[in-house]
Structures are given as C-alpha cells and as structure tokens.
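Here the structure is laid out as structure tokens; the discussion comes afterwards.
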Amino acid sequence: MNESQTKAWERHADEFIVDFPSGEMDTSLAEGAQVNWAAEFGREAPLIVEIGSGAGDSLVPMAAGRPECNVVAFEVFEPAVASTLGRLGREGVSNVRLALVDGAQALPQLFDDGTISELWTFFADPWHKKRHHKRRLVDAAFGDVVAAKLAPGGLWRLATDWEDYALWMREQLDDHPGLTNVHGGWAPRLAERPVTKYEARGLAAGRTVYDLTYRRADAPQD
Ligand SMILES: C[S@@+](CC[C@H](N)C(=O)[O-])C[C@H]1O[C@@H](n2cnc3c(N)ncnc32)[C@H](O)[C@@H]1O
C-alpha cells in the first residue's frame, strides 16, 4: 500500500471493513463464518452486493446514489480496498461495507436465500485461456448461487469489455432456469454506472463494452 492508502486504512477501516476469520488463504473464509448484515449497517435495508469492486470507482458513486440501500462489496486486492476506504471517507458515503474476501465463496456462505436485491459484477477478470475458463467468476454454476440468493424481482447487473467473456456469459446464463435475461439480449448501458479506468482502457483499445441484466426467474406456477 502507498502512503495515502495506509492513511486511509488507519482512518477508515474500523468504520467500513467487515472482518472474518479466514480459511487457508487470507482472502478465503473460514468454514462456518457468518455475519449479521443488518447489525453491521445498524439498520435493515435492501441489500446490494458487488463482487470485485476494485478501487471503488463504480461502488462509491453508485452506493451514494442509493442511500436507501445497504451495499456490501467484496474485493481481494488490499491496496484497492484501501483506495476505496479513502474515497468513501472523502465523499462521506456511509452505506457501504467492504470485505477482503473472495466474493464467489462469500455469496453462498454469507447471505440467506432470497435476500439480495441487486448483485453487481463489473469488469470481472476475463480469464482468456481456455484452460482457465473454470476460474471465471461468471458461469452456470455461479448462476445457480445467484438465482438462489436474489430476492424476488432481484437483478444481477454485469458488464465486460471482453467480447469472448460477454458471449460466454450469455451462453452460461441466458438459458439458466433460475434467471431471465431482462432485455432478451444485451442491456442498455446502466446510466448510473460510471466509466471506470478498466472500461476506459477497453474503449481506448477499441473494445466494445457489453452490459447484461438478469432477473431472478419467477417460481413456476402450479
Ligand atoms: C478488472 S477489476 C474491475 C474493478 C471494478 N469493478 C471496476 O470496474 O473498476 C476486477 C477486480 O475484481 C477483483 N476480483 C476478481 N475476482 C474476485 C472475487 N472472486 N472476489 C473478490 N474480488 C475479486 C480483482 O481483485 C480486481 O480488483
């Protein structure tokens, strides 16, 4: 961490970081670790979750725009979490909690079924090589977890600047029985999602940015 990140950590970690007992790796969760989110936020409110929040470039302004929601962000890279802390402090945004934990492991373990009103995964690592596809955050098995955790009517918003990952997401999720592609194809760009440095880099390199929105499928009627 650089000096300003270290200072941000010292100043703001107590307010925003949720600590968990770790498993084998620093960023993995110990078996059985649990959290009471309402107690962490000091209130009951609709829950939004971001996985891979980076330096908080989407997280902080988007959470500021949803003061009525509790926003939980998972990020495994400590300096990025420190930068997010600094930004939260500077901008006076208080409805965010950060966890230095693998969000793919955390989602099934730390949330009750049917409790997440929105999940955000923006510019997740694309893992290009075929032998690495199994490391991709988004796949049909993760779709099972998301479908279970979303509240009725809950939304999963995704964005990527890598076409092969975007097509992979459609392939994995469009026919998922627990999810509905809200737009039947690519979603219009979410107006409240700012252009982050990752998106700017993709655009500068001539790549197209793809947005997707899935809704928890309604339970089949008898
Ligand atoms: C390309 S960056 C994008 C950051 C941010 N969403 C943005 O648009 O500015 C992807 C981030 O996701 C984090 N990440 C990837 N997989 C993760 C996981 N399973 N849990 C938590 N963070 C993850 C990485 O550490 C990295 O900071």
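In the structure tokens, each chain is lettered A, B, ... as it comes, each chain's residues begin at 1, and ligands are numbered from 1 in order of appearance.
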Exercise answer, 6 Å around ligand 1 with only C-alpha atoms and all ligand atoms, as a PyMOL selection string: chain A and resi 51-54+57+74-77+101-104+122-125+196+198
Kindly save the residues from that selection, with C-alpha atoms included, as a PDB file, in the first residue's frame.
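Result file is out.pdb:
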ATOM      1  CA  ILE A  51     -18.060  -8.640  -6.293  1.00  0.00           C
ATOM      2  CA  GLY A  52     -14.714  -7.266  -7.471  1.00  0.00           C
ATOM      3  CA  SER A  53     -15.195  -3.616  -6.505  1.00  0.00           C
ATOM      4  CA  GLY A  54     -11.578  -2.652  -7.311  1.00  0.00           C
ATOM      5  CA  ASP A  57     -14.845   3.605  -8.948  1.00  0.00           C
ATOM      6  CA  PHE A  74     -16.065  -7.937  -1.913  1.00  0.00           C
ATOM      7  CA  GLU A  75     -12.544  -7.238  -3.172  1.00  0.00           C
ATOM      8  CA  VAL A  76      -9.458  -9.434  -2.708  1.00  0.00           C
ATOM      9  CA  PHE A  77      -6.766  -6.833  -3.532  1.00  0.00           C
ATOM     10  CA  VAL A 101     -12.779 -11.870   0.873  1.00  0.00           C
ATOM     11  CA  ASP A 102     -13.351 -13.963  -2.256  1.00  0.00           C
ATOM     12  CA  GLY A 103     -16.879 -12.960  -3.244  1.00  0.00           C
ATOM     13  CA  ALA A 104     -17.523 -16.236  -5.076  1.00  0.00           C
ATOM     14  CA  PHE A 122     -18.497  -5.114 -13.464  1.00  0.00           C
ATOM     15  CA  PHE A 123     -15.324  -5.880 -15.437  1.00  0.00           C
ATOM     16  CA  ALA A 124     -14.573  -9.098 -13.578  1.00  0.00           C
ATOM     17  CA  ASP A 125     -11.336 -10.797 -14.588  1.00  0.00           C
ATOM     18  CA  THR A 196     -14.064   3.276 -14.674  1.00  0.00           C
ATOM     19  CA  TYR A 198     -10.954  -0.529 -16.765  1.00  0.00           C
TER      20      TYR A 198
END
Contact residues around Val81 (chain A) with only C-alpha atoms at 12 Å, ignoring same-chain residues under 2 positions, as a count of residues only: 37
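Of the residues in region 59-110 of chain A, those that DSSP places in strand (DSSP E or B) on the basis of the backbone are A:Asn70, A:Val71, A:Val72, A:Ala73, A:Phe74, A:Val96, A:Arg97, A:Leu98, A:Ala99.
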Write the residues of the preceding selection, restricted to all heavy atoms, as a compact mmCIF listing (two decimals), in the first residue's frame.
# COMPACT_ATOMS: atom_id res chain seq x y z
N ASN A 70 -28.29 -0.91 1.71
CA ASN A 70 -27.03 -1.34 2.30
C ASN A 70 -26.21 -2.00 1.19
O ASN A 70 -26.71 -2.92 0.53
CB ASN A 70 -27.27 -2.36 3.41
CG ASN A 70 -27.96 -1.75 4.63
OD1 ASN A 70 -27.95 -0.53 4.82
ND2 ASN A 70 -28.55 -2.60 5.46
N VAL A 71 -24.97 -1.55 0.99
CA VAL A 71 -24.16 -2.07 -0.12
C VAL A 71 -22.92 -2.79 0.43
O VAL A 71 -22.11 -2.18 1.13
CB VAL A 71 -23.73 -0.93 -1.07
CG1 VAL A 71 -22.99 -1.50 -2.27
CG2 VAL A 71 -24.93 -0.10 -1.52
N VAL A 72 -22.80 -4.07 0.10
CA VAL A 72 -21.68 -4.89 0.56
C VAL A 72 -20.76 -5.15 -0.62
O VAL A 72 -21.24 -5.61 -1.67
CB VAL A 72 -22.16 -6.26 1.10
CG1 VAL A 72 -20.98 -7.09 1.58
CG2 VAL A 72 -23.18 -6.09 2.20
N ALA A 73 -19.46 -4.86 -0.48
CA ALA A 73 -18.54 -5.07 -1.60
C ALA A 73 -17.43 -6.03 -1.21
O ALA A 73 -16.84 -5.90 -0.13
CB ALA A 73 -17.95 -3.74 -2.04
N PHE A 74 -17.15 -6.98 -2.11
CA PHE A 74 -16.07 -7.94 -1.91
C PHE A 74 -14.94 -7.61 -2.88
O PHE A 74 -15.16 -7.46 -4.08
CB PHE A 74 -16.56 -9.37 -2.16
CG PHE A 74 -17.58 -9.81 -1.16
CD1 PHE A 74 -18.94 -9.68 -1.43
CD2 PHE A 74 -17.19 -10.30 0.07
CE1 PHE A 74 -19.89 -10.05 -0.49
CE2 PHE A 74 -18.13 -10.67 1.01
CZ PHE A 74 -19.49 -10.54 0.73
N VAL A 96 -21.91 1.65 2.88
CA VAL A 96 -21.09 0.61 2.25
C VAL A 96 -20.33 -0.15 3.34
O VAL A 96 -19.85 0.45 4.30
CB VAL A 96 -20.07 1.23 1.26
CG1 VAL A 96 -19.06 0.21 0.77
CG2 VAL A 96 -20.79 1.86 0.07
N ARG A 97 -20.22 -1.46 3.19
CA ARG A 97 -19.30 -2.26 3.99
C ARG A 97 -18.43 -3.07 3.02
O ARG A 97 -18.92 -3.56 2.00
CB ARG A 97 -20.04 -3.21 4.94
CG ARG A 97 -20.88 -2.50 6.01
CD ARG A 97 -20.04 -1.70 6.99
NE ARG A 97 -20.85 -0.97 7.95
CZ ARG A 97 -21.30 0.28 7.76
NH1 ARG A 97 -21.02 0.95 6.65
NH2 ARG A 97 -22.02 0.87 8.68
N LEU A 98 -17.12 -3.19 3.37
CA LEU A 98 -16.16 -3.85 2.49
C LEU A 98 -15.63 -5.11 3.14
O LEU A 98 -15.35 -5.12 4.35
CB LEU A 98 -14.96 -2.92 2.26
CG LEU A 98 -15.21 -1.63 1.48
CD1 LEU A 98 -14.07 -0.66 1.70
CD2 LEU A 98 -15.36 -1.95 0.01
N ALA A 99 -15.45 -6.14 2.34
CA ALA A 99 -14.87 -7.38 2.86
C ALA A 99 -13.73 -7.81 1.94
O ALA A 99 -13.92 -7.91 0.72
CB ALA A 99 -15.93 -8.48 2.94
All residues 7 Å or closer to region 163-179 of chain A, only C-alpha atoms, same chain fewer than 6 positions away omitted, as JSON, numbers by chain: {"A": [126, 138, 139, 140, 143, 144, 147, 210, 214, 215, 216, 217]}
Please save N, CA and C atoms of the selected residues as a PDB file, in the first residue's frame.
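Final output, saved to part-v2.pdb:
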ATOM      1  N   PRO A 126     -11.371 -11.578 -16.922  1.00  0.00           N
ATOM      2  CA  PRO A 126     -11.948 -12.396 -18.003  1.00  0.00           C
ATOM      3  C   PRO A 126     -11.368 -13.805 -18.185  1.00  0.00           C
ATOM      4  N   VAL A 138     -18.087 -15.749 -13.585  1.00  0.00           N
ATOM      5  CA  VAL A 138     -19.430 -15.987 -14.116  1.00  0.00           C
ATOM      6  C   VAL A 138     -19.464 -17.307 -14.872  1.00  0.00           C
ATOM      7  N   ASP A 139     -20.293 -18.216 -14.386  1.00  0.00           N
ATOM      8  CA  ASP A 139     -20.605 -19.428 -15.145  1.00  0.00           C
ATOM      9  C   ASP A 139     -21.960 -19.945 -14.655  1.00  0.00           C
ATOM     10  N   ALA A 140     -22.421 -21.040 -15.253  1.00  0.00           N
ATOM     11  CA  ALA A 140     -23.775 -21.505 -14.927  1.00  0.00           C
ATOM     12  C   ALA A 140     -23.877 -21.921 -13.458  1.00  0.00           C
ATOM     13  N   GLY A 143     -24.311 -19.011 -11.497  1.00  0.00           N
ATOM     14  CA  GLY A 143     -25.692 -18.584 -11.763  1.00  0.00           C
ATOM     15  C   GLY A 143     -26.676 -19.265 -10.815  1.00  0.00           C
ATOM     16  N   ASP A 144     -26.425 -20.547 -10.478  1.00  0.00           N
ATOM     17  CA  ASP A 144     -27.296 -21.261  -9.519  1.00  0.00           C
ATOM     18  C   ASP A 144     -27.299 -20.531  -8.176  1.00  0.00           C
ATOM     19  N   ALA A 147     -29.066 -17.094  -8.483  1.00  0.00           N
ATOM     20  CA  ALA A 147     -30.528 -17.256  -8.574  1.00  0.00           C
ATOM     21  C   ALA A 147     -31.120 -17.552  -7.196  1.00  0.00           C
ATOM     22  N   TYR A 210     -19.996  -4.455 -23.100  1.00  0.00           N
ATOM     23  CA  TYR A 210     -21.276  -5.163 -23.095  1.00  0.00           C
ATOM     24  C   TYR A 210     -21.873  -5.130 -21.696  1.00  0.00           C
ATOM     25  N   TYR A 214     -29.818  -9.670 -15.620  1.00  0.00           N
ATOM     26  CA  TYR A 214     -30.677 -10.847 -15.414  1.00  0.00           C
ATOM     27  C   TYR A 214     -31.548 -10.614 -14.181  1.00  0.00           C
ATOM     28  N   ARG A 215     -32.772 -11.126 -14.244  1.00  0.00           N
ATOM     29  CA  ARG A 215     -33.666 -11.052 -13.091  1.00  0.00           C
ATOM     30  C   ARG A 215     -33.913 -12.471 -12.575  1.00  0.00           C
ATOM     31  N   ARG A 216     -34.094 -12.595 -11.282  1.00  0.00           N
ATOM     32  CA  ARG A 216     -34.467 -13.904 -10.737  1.00  0.00           C
ATOM     33  C   ARG A 216     -35.761 -14.339 -11.410  1.00  0.00           C
ATOM     34  N   ALA A 217     -35.738 -15.552 -11.963  1.00  0.00           N
ATOM     35  CA  ALA A 217     -36.933 -16.039 -12.658  1.00  0.00           C
ATOM     36  C   ALA A 217     -38.028 -16.280 -11.624  1.00  0.00           C
TER      37      ALA A 217
END
Residues of region 3-215 of chain A in alpha helix (DSSP H), written as a ChimeraX atom specification: /A:3-16,37-41,59-64,78-91,103-110,140-149,163-173,197-204
Point-to-point distance from CA of Leu150 (chain A) to CA of Ser94 (chain A), Å rounded to tenths: 23.3 Å
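From CA of Leu155 (chain A) back to CA of His183 (chain A), the distance works out to 12.0 Å.
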Excluding Gly23 (chain A) and its own-chain neighbours fewer than 3 positions away, which residues fall within 12 Å of it when counting only C-alpha atoms? Please give them as a PDB file with N, CA, C and O atoms, in the first residue's frame.
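Okay, this is what ended up in around-v2.pdb:
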ATOM      1  N   PHE A  20     -13.520 -11.113   8.910  1.00  0.00           N
ATOM      2  CA  PHE A  20     -13.972 -12.501   9.008  1.00  0.00           C
ATOM      3  C   PHE A  20     -12.799 -13.388   9.381  1.00  0.00           C
ATOM      4  O   PHE A  20     -11.672 -13.111   8.955  1.00  0.00           O
ATOM      5  N   ASP A  26      -5.564 -15.932   2.976  1.00  0.00           N
ATOM      6  CA  ASP A  26      -6.020 -14.726   3.675  1.00  0.00           C
ATOM      7  C   ASP A  26      -7.397 -14.271   3.217  1.00  0.00           C
ATOM      8  O   ASP A  26      -8.170 -13.724   3.983  1.00  0.00           O
ATOM      9  N   THR A  27      -7.649 -14.463   1.897  1.00  0.00           N
ATOM     10  CA  THR A  27      -8.909 -13.937   1.367  1.00  0.00           C
ATOM     11  C   THR A  27      -9.997 -15.011   1.265  1.00  0.00           C
ATOM     12  O   THR A  27     -11.037 -14.778   0.665  1.00  0.00           O
ATOM     13  N   SER A  28      -9.740 -16.196   1.861  1.00  0.00           N
ATOM     14  CA  SER A  28     -10.815 -17.196   1.878  1.00  0.00           C
ATOM     15  C   SER A  28     -11.486 -17.176   3.251  1.00  0.00           C
ATOM     16  O   SER A  28     -10.889 -16.774   4.240  1.00  0.00           O
ATOM     17  N   LEU A  29     -12.707 -17.600   3.278  1.00  0.00           N
ATOM     18  CA  LEU A  29     -13.493 -17.561   4.523  1.00  0.00           C
ATOM     19  C   LEU A  29     -13.325 -18.845   5.308  1.00  0.00           C
ATOM     20  O   LEU A  29     -13.311 -19.925   4.722  1.00  0.00           O
ATOM     21  N   ALA A  30     -13.250 -18.713   6.625  1.00  0.00           N
ATOM     22  CA  ALA A  30     -13.247 -19.926   7.451  1.00  0.00           C
ATOM     23  C   ALA A  30     -14.612 -20.592   7.322  1.00  0.00           C
ATOM     24  O   ALA A  30     -15.633 -19.911   7.183  1.00  0.00           O
ATOM     25  N   GLU A  31     -14.589 -21.914   7.373  1.00  0.00           N
ATOM     26  CA  GLU A  31     -15.843 -22.657   7.311  1.00  0.00           C
ATOM     27  C   GLU A  31     -16.758 -22.189   8.447  1.00  0.00           C
ATOM     28  O   GLU A  31     -16.287 -22.000   9.574  1.00  0.00           O
ATOM     29  N   GLY A  32     -17.991 -21.979   8.144  1.00  0.00           N
ATOM     30  CA  GLY A  32     -18.940 -21.609   9.198  1.00  0.00           C
ATOM     31  C   GLY A  32     -18.951 -20.117   9.533  1.00  0.00           C
ATOM     32  O   GLY A  32     -19.787 -19.680  10.321  1.00  0.00           O
ATOM     33  N   ALA A  33     -18.039 -19.310   8.949  1.00  0.00           N
ATOM     34  CA  ALA A  33     -18.056 -17.869   9.228  1.00  0.00           C
ATOM     35  C   ALA A  33     -19.410 -17.295   8.782  1.00  0.00           C
ATOM     36  O   ALA A  33     -19.930 -17.653   7.728  1.00  0.00           O
ATOM     37  N   VAL A 101     -12.442 -10.451   0.918  1.00  0.00           N
ATOM     38  CA  VAL A 101     -12.779 -11.870   0.873  1.00  0.00           C
ATOM     39  C   VAL A 101     -13.181 -12.222  -0.557  1.00  0.00           C
ATOM     40  O   VAL A 101     -13.740 -11.376  -1.269  1.00  0.00           O
ATOM     41  N   ASP A 102     -12.921 -13.459  -0.956  1.00  0.00           N
ATOM     42  CA  ASP A 102     -13.351 -13.963  -2.256  1.00  0.00           C
ATOM     43  C   ASP A 102     -14.888 -13.967  -2.314  1.00  0.00           C
ATOM     44  O   ASP A 102     -15.544 -14.725  -1.603  1.00  0.00           O
ATOM     45  N   GLN A 105     -16.839 -17.234  -2.985  1.00  0.00           N
ATOM     46  CA  GLN A 105     -17.006 -18.108  -1.819  1.00  0.00           C
ATOM     47  C   GLN A 105     -18.001 -17.489  -0.824  1.00  0.00           C
ATOM     48  O   GLN A 105     -18.783 -18.187  -0.171  1.00  0.00           O
ATOM     49  N   ALA A 106     -17.956 -16.162  -0.735  1.00  0.00           N
ATOM     50  CA  ALA A 106     -18.780 -15.476   0.269  1.00  0.00           C
ATOM     51  C   ALA A 106     -20.270 -15.530  -0.068  1.00  0.00           C
ATOM     52  O   ALA A 106     -21.102 -15.651   0.837  1.00  0.00           O
TER      53      ALA A 106
END
